[in-house]
Amino acid sequence: MIVRKIGENIISPLGFSVAENFAAVMDGRSALQHYDHLWGLPFPCFVSLLPDDILDKAFTQEVDQACLPKKPCTRFEKITLLSATKALQSTSLDPSSPRVMFILSSTKGNVSLLADAHPDIERVTPVHTAQLLARYFGNPNMPIVVSNACISGLCAQIEAYRCLQSGQFDAAVVVGADVLSPFIVSGFQSLKALSDEQCHPFSSVRKGLNLGEAAATVVYAVGDDNAEGWQMLAGAMANDANHISGPSRTGEGSYRALMSVLQSAALTVEDLACLNVHGTSTLYNDEMEAVAIHRAGLAGVPVNALKGYYGHTLGAAGILETLLTMHAVEQGVVPATRGYEENGVTMTLSLSSSSVKISKTAFVKLLSGFGGCNAAAAFTNDACRR
Amino acid sequence: MKYKVLHTVKLCPSHLEVDGNRIAEAGGETSFLTDLYRRLGLDYPKFFKMDILSKVGFLASEFLLEQEGGERFVPRDDRAVLLFNRYSSMHADQTFQETIAHPEDFYPKPSVFVYTLPNIVTGEIAIRNKYHGESNFILLPEYSEQAMDQAIERAFLAPGTSSLLTGWLEALSEKEFEASCSLITVH
C-alpha cells in the first residue's frame, strides 16, 4: 500500500505556507534573536517567536470563528487550528469522514495556562486541543496525541503511516505544534541545554540549542501506484536504554532506527539524496548523531540540520523538517546547515554551510529525544524519479 | 487484532492485582509505592528520583516482569513499551510550575523538568530492562479500549516487535493514580 502526502502547511515566523518557509530557508533567513529578559526571565536567551499580531490576523481570516467555542483560543490552539486549516484547504479530503484520523504531536500543549491563578487543568492537556481540532472539522473519531518528547513529530507520522497500512483509516491529518513559554524556556535553561547565541549544529563552537515556535501539518492518504508526489516509505523508533535525559554514546537508538528504516524501505546509501538530522547543537546530541550515522554506514550521504533557521520547534520539528526537506529534494538541493562552522564532532559528516546540489529522490529524517527515544523515517518522490 | 495477554497488573492507591489476584493492600505508615518497591526486594536507587508517574509505571512493569520470569536485563529490541493516559505528565508539570511561579523564588530544577514529559517513564522501563525496541506515549481524551487496541495493532506493525509492555498509566498525585498494564504478544 502506498502512503502519499496530499496536504501540507507550516506556520512559523518565516511564513505561513511551506513554500514561504522554504524560500526563507534558501535565502538564509531566520527569526531567531537574542532577548535579555524575555517575559522577565532572569537569563538571556536566543529564540524564534511568532508575533501575536501576525498570528491573530491569519487566524481570524482563515479559521471560521463561528465554529469555535466562545472562549478565546490560546496561542497554541490558534497555531494548531490555523496550520491544519491551511493544510486541508489545498486538498479535496473531507475531514469530517469517519475514515479520517486526526493526530496531534505536541510536547507541552497549553502548559503555560498552569501559570494562571486558577488553571483550567482540562484545557492544559494536549488532548483538549486535539478534540477542539477534530470537532472543528466535524471529525467523529477520537483523536490521539503523540507525546514522545522531541521525536513526537516523526512518531505521529509513523502512527499515521500505520493507520493507513493497517486499513484502520484512509487518511490522517498530522499536526505538530508547540509554543514557547517561561515553563519551557526556563526548563531547558535549567538543564543547561540553551545557548544565548545563534546555535551552531555539529560545530566546535556549539554550546547549546535555540528554541522556536511553529506548527506544521502533513496530510497522508492511501494513494494509488500511478499518482505522483511524495510517499512515506517506512518509519521506525528505537530506545537507547541508556539515560532519561542524555543520549547514548554509541548512538544506539538512532543507529537501530536508521538500520530498521533503511531495511524496511529497501533503501541503500546510494539511494539517499540527504539525511535531515536533529542537529540541536547540544554537545551530546550532535556527537551521538554523528556516531549513529557512521555506524549505519551513512557517512557519505549529505547531512543537514534546520535548527539554525527555526530553533528546536519541539512537537512541530519532525513535521516541519520533513516538509522542508521534501521541498528541498524536489528542487534538487540540500539547504545549508545555518550556523555550521568548523566541524566539532569526532566523526566527520558531510555537512555544509552553503546549499549543495543533489539529484536523488529519497531521504531519511532522523530525530532523538528525552526518554532515550529515537525515530527515523524514509520518504521518496516518484515524480522526481521518472 | 488477535493477541495473547501474558500477564496483567492493576495498581491503584488501595491495592495491587497481578493476573487478577489481589496481592498487596495499602496500609501502614509508609507510602504504598515505597512499600511495593521494598516488597520487590529491589536495589534500584533511581526509583527514588522518579516522579509519581514513573514510579507507578516502573512498579507496574516490575510486577509484570517478575511474573513473566525468565532471563532479564539482556539487551533486546523485540519488545516495545507503549503507554497511554489523559493527563500527560500533569503532576510533574504542576511541580515544575511551582519552581518558576515566584520571581523572588525562581529556582527551576532540572531534576523536576526532565519528568515533565509523559514518555520519560517509557525510558525508565527501557533503561531498567535494556529494551531497545520502540517506546511511545499516546494521550487519549478518555480511557478507551478501542483506541488502545488500534494503537496496539499499529505497534505490532513494526517489523521487529513481537511483544508489548502496554497499558493505561495515570498519576495525578501520590494519592490518585492508576496503572492497568499488561504484557502481550502476537497470537
# chains A, B, ... in the order shown; residues from 1 in each chain; ligands from 1

call {"tool": "residues_around", "arguments": {"residues": "segment 110-125 of chain B", "least_positions_apart": "5", "cutoff": "7 Å", "atoms": "only C-alpha atoms", "output": "MDAnalysis selection string"}}
result
(chainID A and resid 107 147:149 187 190:191 241 244:245 370:372) or (chainID B and resid 51 53:54 57:58 81 88:89 92:93 96 135:137)

call {"tool": "select_by_dssp", "arguments": {"residues": "segment 23-194 of chain A", "states": "strand (DSSP E or B)", "output": "list in words"}}
result
Leu32, Gln33, His34, Tyr35, Cys45, Phe46, Val47, Ser48, Val100, Met101, Phe102, Ile103, Leu104, Ser105, Ile144, Val145, Val146, Ala171, Ala172, Val173, Val174, Val175, Gly176, Ala177, Asp178 and Leu194 of chain A

call {"tool": "interface_residues", "arguments": {"of": "chain A", "to": "chain B", "cutoff": "8 Å", "atoms": "only C-alpha atoms", "output": "ChimeraX atom specification"}}
result
/A:107-108,111,114-115,125-128,131,142-149,155,159,162-163,166,168,182-183,186-188,190-191,236-245,253,264,370-373

call {"tool": "closest_residue", "arguments": {"among": "A:Leu50, A:Val205, A:Val18, A:Cys199", "to": "Ala31 of chain A", "atoms": "only C-alpha atoms"}}
result
A:Leu50

call {"tool": "closest_residue", "arguments": {"among": "B:Val5, B:Ala24, B:Leu164, B:Leu36", "to": "Val56 of chain B", "atoms": "only C-alpha atoms"}}
result
B:Leu36

call {"tool": "atom_distance", "arguments": {"atom1": "atom CA of Ser90 of chain A", "atom2": "atom CA of Asn141 of chain A"}}
result
22.1 Å

call {"tool": "atom_distance", "arguments": {"atom1": "atom CA of Ala316 of chain A", "atom2": "atom CA of Tyr255 of chain A"}}
result
22.7 Å

call {"tool": "closest_residue", "arguments": {"among": "B:Asp78, B:Glu29, B:Glu71, B:Asp35", "to": "Thr185 of chain B", "atoms": "only C-alpha atoms"}}
result
B:Asp78

call {"tool": "residues_around", "arguments": {"residues": "segment 210-227 of chain A", "least_positions_apart": "4", "cutoff": "7 Å", "atoms": "only C-alpha atoms", "output": "JSON, numbers by chain"}}
result
{"A": [2, 3, 4, 5, 6, 7, 8, 9, 10, 11, 12, 46, 47, 48, 49, 50, 79, 80, 83, 84, 87, 164, 170, 171, 172, 173, 174, 175, 176, 177, 178, 179, 180, 194, 195, 199, 310, 311, 312, 313, 316, 319, 320]}

call {"tool": "write_last_selection", "arguments": {"atoms": "N, CA and C atoms", "output": "compact mmCIF listing (two decimals), in the first residue's frame"}}
result
# COMPACT_ATOMS: atom_id res chain seq x y z
N ILE A 2 0.44 2.27 -0.73
CA ILE A 2 1.23 3.49 -0.81
C ILE A 2 0.62 4.58 0.07
N VAL A 3 1.46 5.19 0.90
CA VAL A 3 1.02 6.26 1.80
C VAL A 3 1.56 7.58 1.24
N ARG A 4 0.64 8.37 0.75
CA ARG A 4 1.04 9.54 -0.01
C ARG A 4 0.70 10.84 0.71
N LYS A 5 1.58 11.82 0.57
CA LYS A 5 1.30 13.15 1.12
C LYS A 5 0.32 13.86 0.20
N ILE A 6 -0.81 14.31 0.76
CA ILE A 6 -1.77 15.03 -0.08
C ILE A 6 -2.00 16.47 0.39
N GLY A 7 -1.42 16.82 1.55
CA GLY A 7 -1.60 18.19 2.02
C GLY A 7 -0.48 18.56 2.97
N GLU A 8 -0.23 19.87 3.09
CA GLU A 8 0.88 20.29 3.94
C GLU A 8 0.74 21.75 4.33
N ASN A 9 1.37 22.10 5.42
CA ASN A 9 1.46 23.51 5.82
C ASN A 9 2.54 23.67 6.88
N ILE A 10 3.14 24.85 6.91
CA ILE A 10 4.00 25.25 8.03
C ILE A 10 3.59 26.66 8.45
N ILE A 11 3.36 26.84 9.75
CA ILE A 11 3.14 28.17 10.32
C ILE A 11 4.37 28.47 11.19
N SER A 12 5.13 29.47 10.79
CA SER A 12 6.32 29.83 11.59
C SER A 12 6.57 31.31 11.41
N PHE A 46 18.01 33.02 23.22
CA PHE A 46 18.05 33.24 21.78
C PHE A 46 16.98 32.34 21.19
N VAL A 47 15.82 32.92 20.88
CA VAL A 47 14.68 32.09 20.47
C VAL A 47 13.98 32.69 19.25
N SER A 48 13.11 31.90 18.65
CA SER A 48 12.34 32.31 17.48
C SER A 48 10.86 32.33 17.88
N LEU A 49 10.26 33.52 17.88
CA LEU A 49 8.87 33.67 18.35
C LEU A 49 7.96 34.12 17.22
N LEU A 50 6.74 33.65 17.25
CA LEU A 50 5.74 34.04 16.27
C LEU A 50 4.97 35.24 16.82
N ILE A 79 -2.45 28.30 16.63
CA ILE A 79 -1.41 27.85 15.70
C ILE A 79 -1.76 26.45 15.16
N THR A 80 -2.34 25.63 16.02
CA THR A 80 -2.73 24.27 15.63
C THR A 80 -3.87 24.31 14.61
N SER A 83 -2.77 25.91 11.17
CA SER A 83 -1.94 25.05 10.32
C SER A 83 -2.78 23.94 9.68
N ALA A 84 -3.65 23.32 10.47
CA ALA A 84 -4.49 22.24 9.92
C ALA A 84 -5.43 22.80 8.85
N ALA A 87 -3.53 23.49 5.66
CA ALA A 87 -3.11 22.24 5.01
C ALA A 87 -4.28 21.59 4.29
N LEU A 164 -2.86 3.90 8.09
CA LEU A 164 -3.24 3.64 6.70
C LEU A 164 -2.86 2.22 6.29
N ASP A 170 -8.31 5.75 6.04
CA ASP A 170 -7.85 6.01 4.67
C ASP A 170 -6.99 7.26 4.57
N ALA A 171 -7.09 8.11 5.59
CA ALA A 171 -6.29 9.34 5.58
C ALA A 171 -6.04 9.78 7.01
N ALA A 172 -4.93 10.50 7.21
CA ALA A 172 -4.60 11.01 8.54
C ALA A 172 -4.09 12.44 8.42
N VAL A 173 -4.63 13.29 9.30
CA VAL A 173 -4.19 14.68 9.36
C VAL A 173 -3.27 14.78 10.58
N VAL A 174 -1.99 15.04 10.32
CA VAL A 174 -0.99 15.03 11.39
C VAL A 174 -0.52 16.46 11.64
N VAL A 175 -0.85 16.99 12.80
CA VAL A 175 -0.48 18.36 13.13
C VAL A 175 0.52 18.34 14.27
N GLY A 176 1.63 19.03 14.09
CA GLY A 176 2.63 19.15 15.17
C GLY A 176 2.71 20.60 15.60
N ALA A 177 2.68 20.85 16.90
CA ALA A 177 2.74 22.24 17.36
C ALA A 177 3.26 22.33 18.78
N ASP A 178 3.97 23.40 19.06
CA ASP A 178 4.32 23.80 20.41
C ASP A 178 4.56 25.29 20.39
N VAL A 179 4.19 25.97 21.47
CA VAL A 179 4.52 27.38 21.61
C VAL A 179 5.43 27.52 22.84
N LEU A 180 6.22 28.56 22.84
CA LEU A 180 7.17 28.73 23.95
C LEU A 180 6.51 29.49 25.10
N LEU A 194 20.52 25.39 26.72
CA LEU A 194 20.31 26.52 25.82
C LEU A 194 21.58 27.31 25.55
N SER A 195 21.67 27.84 24.33
CA SER A 195 22.71 28.81 24.01
C SER A 195 22.05 30.18 23.95
N CYS A 199 22.61 29.11 17.38
CA CYS A 199 23.12 27.75 17.57
C CYS A 199 24.04 27.35 16.40
N TYR A 310 15.15 27.86 12.57
CA TYR A 310 13.91 27.84 13.35
C TYR A 310 14.13 27.66 14.84
N GLY A 311 15.32 27.20 15.23
CA GLY A 311 15.48 26.70 16.57
C GLY A 311 14.80 25.34 16.64
N HIS A 312 14.76 24.79 17.84
CA HIS A 312 14.10 23.50 18.04
C HIS A 312 12.61 23.76 18.26
N THR A 313 11.80 23.31 17.33
CA THR A 313 10.37 23.60 17.39
C THR A 313 9.58 22.46 18.05
N ALA A 316 6.57 20.27 16.74
CA ALA A 316 6.42 20.55 15.31
C ALA A 316 7.62 20.07 14.50
N ILE A 319 7.68 17.27 11.75
CA ILE A 319 6.85 17.52 10.57
C ILE A 319 7.42 18.69 9.76
N LEU A 320 7.76 19.77 10.44
CA LEU A 320 8.33 20.94 9.77
C LEU A 320 9.59 20.56 8.99

call {"tool": "atom_distance", "arguments": {"atom1": "atom CA of Ile52 of chain B", "atom2": "atom CA of Leu11 of chain B"}}
result
12.7 Å

call {"tool": "closest_residue", "arguments": {"among": "A:Ala117, A:Leu41, A:Leu324, A:Leu367", "to": "Gly251 of chain A", "atoms": "only C-alpha atoms"}}
result
A:Leu367

call {"tool": "residues_around", "arguments": {"residues": "Leu65 of chain B", "least_positions_apart": "3", "cutoff": "12 Å", "atoms": "only C-alpha atoms", "output": "ChimeraX atom specification"}}
result
/B:6-9,18-19,40,58-62,68-73,125,128-129,164-165,181-184

call {"tool": "residues_around", "arguments": {"residues": "Cys45 of chain A", "least_positions_apart": "5", "cutoff": "7 Å", "atoms": "only C-alpha atoms", "output": "number ranges by chain"}}
result
A: 34-36, 195-196

call {"tool": "write_last_selection", "arguments": {"atoms": "N, CA and C atoms", "output": "compact mmCIF listing (two decimals), in the first residue's frame"}}
result
# COMPACT_ATOMS: atom_id res chain seq x y z
N HIS A 34 18.12 37.43 19.94
CA HIS A 34 18.54 37.49 21.33
C HIS A 34 17.54 38.30 22.16
N TYR A 35 17.23 37.81 23.33
CA TYR A 35 16.39 38.55 24.30
C TYR A 35 17.15 38.57 25.63
N ASP A 36 17.26 39.76 26.21
CA ASP A 36 17.95 39.84 27.52
C ASP A 36 17.10 39.23 28.62
N SER A 195 21.67 27.84 24.33
CA SER A 195 22.71 28.81 24.01
C SER A 195 22.05 30.18 23.95
N ASP A 196 22.71 31.22 24.43
CA ASP A 196 22.14 32.56 24.31
C ASP A 196 22.61 33.25 23.03

call {"tool": "closest_residue", "arguments": {"among": "B:Lys10, B:Lys55, B:Thr30, B:Thr95", "to": "Ala171 of chain B", "atoms": "only C-alpha atoms"}}
result
B:Lys55

call {"tool": "closest_residue", "arguments": {"among": "B:Leu64, B:His102, B:Ala26, B:Leu83", "to": "Thr166 of chain B", "atoms": "only C-alpha atoms"}}
result
B:Leu83

call {"tool": "residues_around", "arguments": {"residues": "Ile151 of chain A", "least_positions_apart": "6", "cutoff": "8 Å", "atoms": "only C-alpha atoms", "output": "list of chain:residue names"}}
result
A:Leu314, A:Gly315, A:Ala317, A:Gly318, A:Leu367, A:Ser368, A:Gly369, A:Cys373, A:Asn374, A:Ala375

call {"tool": "write_last_selection", "arguments": {"atoms": "N, CA and C atoms", "output": "mmCIF file, in the first residue's frame"}}
result
data_model
loop_
_atom_site.group_PDB
_atom_site.id
_atom_site.type_symbol
_atom_site.label_atom_id
_atom_site.label_comp_id
_atom_site.auth_asym_id
_atom_site.auth_seq_id
_atom_site.Cartn_x
_atom_site.Cartn_y
_atom_site.Cartn_z
ATOM 1 N N LEU A 314 10.261 21.613 18.813
ATOM 2 C CA LEU A 314 9.658 20.608 19.702
ATOM 3 C C LEU A 314 8.651 19.715 18.961
ATOM 4 N N GLY A 315 7.380 19.771 19.330
ATOM 5 C CA GLY A 315 6.393 18.869 18.725
ATOM 6 C C GLY A 315 6.178 19.091 17.240
ATOM 7 N N ALA A 317 8.766 19.909 15.168
ATOM 8 C CA ALA A 317 10.039 19.718 14.457
ATOM 9 C C ALA A 317 10.005 18.572 13.440
ATOM 10 N N GLY A 318 9.486 17.431 13.843
ATOM 11 C CA GLY A 318 9.512 16.264 12.956
ATOM 12 C C GLY A 318 8.736 16.486 11.675
ATOM 13 N N LEU A 367 15.451 11.831 14.275
ATOM 14 C CA LEU A 367 15.248 12.646 15.480
ATOM 15 C C LEU A 367 15.549 11.808 16.723
ATOM 16 N N SER A 368 15.890 12.497 17.803
ATOM 17 C CA SER A 368 16.040 11.799 19.085
ATOM 18 C C SER A 368 15.531 12.698 20.195
ATOM 19 N N GLY A 369 15.229 12.104 21.337
ATOM 20 C CA GLY A 369 14.648 12.920 22.394
ATOM 21 C C GLY A 369 14.822 12.344 23.780
ATOM 22 N N CYS A 373 14.433 8.177 23.484
ATOM 23 C CA CYS A 373 13.727 7.744 22.279
ATOM 24 C C CYS A 373 14.391 8.295 21.014
ATOM 25 N N ASN A 374 14.294 7.538 19.957
ATOM 26 C CA ASN A 374 14.850 7.907 18.656
ATOM 27 C C ASN A 374 13.866 7.471 17.581
ATOM 28 N N ALA A 375 13.825 8.234 16.478
ATOM 29 C CA ALA A 375 12.955 7.835 15.371
ATOM 30 C C ALA A 375 13.606 8.193 14.048
#

call {"tool": "decode", "arguments": {"residues": "segment 61-78 of chain B", "atoms": "C-alpha atoms", "output": "PDB file, in the first residue's frame"}}
result
ATOM      1  CA  SER B  61       6.384  -3.082  34.878  1.00  0.00           C
ATOM      2  CA  GLU B  62       8.397  -4.791  37.622  1.00  0.00           C
ATOM      3  CA  PHE B  63       5.412  -6.841  38.816  1.00  0.00           C
ATOM      4  CA  LEU B  64       4.604  -7.795  35.225  1.00  0.00           C
ATOM      5  CA  LEU B  65       8.150  -8.873  34.501  1.00  0.00           C
ATOM      6  CA  GLU B  66       8.572 -10.667  37.818  1.00  0.00           C
ATOM      7  CA  GLN B  67       5.505 -12.671  36.848  1.00  0.00           C
ATOM      8  CA  GLU B  68       6.872 -13.358  33.397  1.00  0.00           C
ATOM      9  CA  GLY B  69      10.114 -14.754  34.860  1.00  0.00           C
ATOM     10  CA  GLY B  70      12.896 -15.918  32.587  1.00  0.00           C
ATOM     11  CA  GLU B  71      16.123 -14.121  31.899  1.00  0.00           C
ATOM     12  CA  ARG B  72      16.039 -10.353  32.318  1.00  0.00           C
ATOM     13  CA  PHE B  73      18.360  -7.407  31.661  1.00  0.00           C
ATOM     14  CA  VAL B  74      19.685  -8.837  28.405  1.00  0.00           C
ATOM     15  CA  PRO B  75      19.577  -6.230  25.609  1.00  0.00           C
ATOM     16  CA  ARG B  76      16.659  -6.910  23.261  1.00  0.00           C
ATOM     17  CA  ASP B  77      14.736  -4.975  20.649  1.00  0.00           C
ATOM     18  CA  ASP B  78      11.705  -7.202  20.109  1.00  0.00           C
TER      19      ASP B  78
END
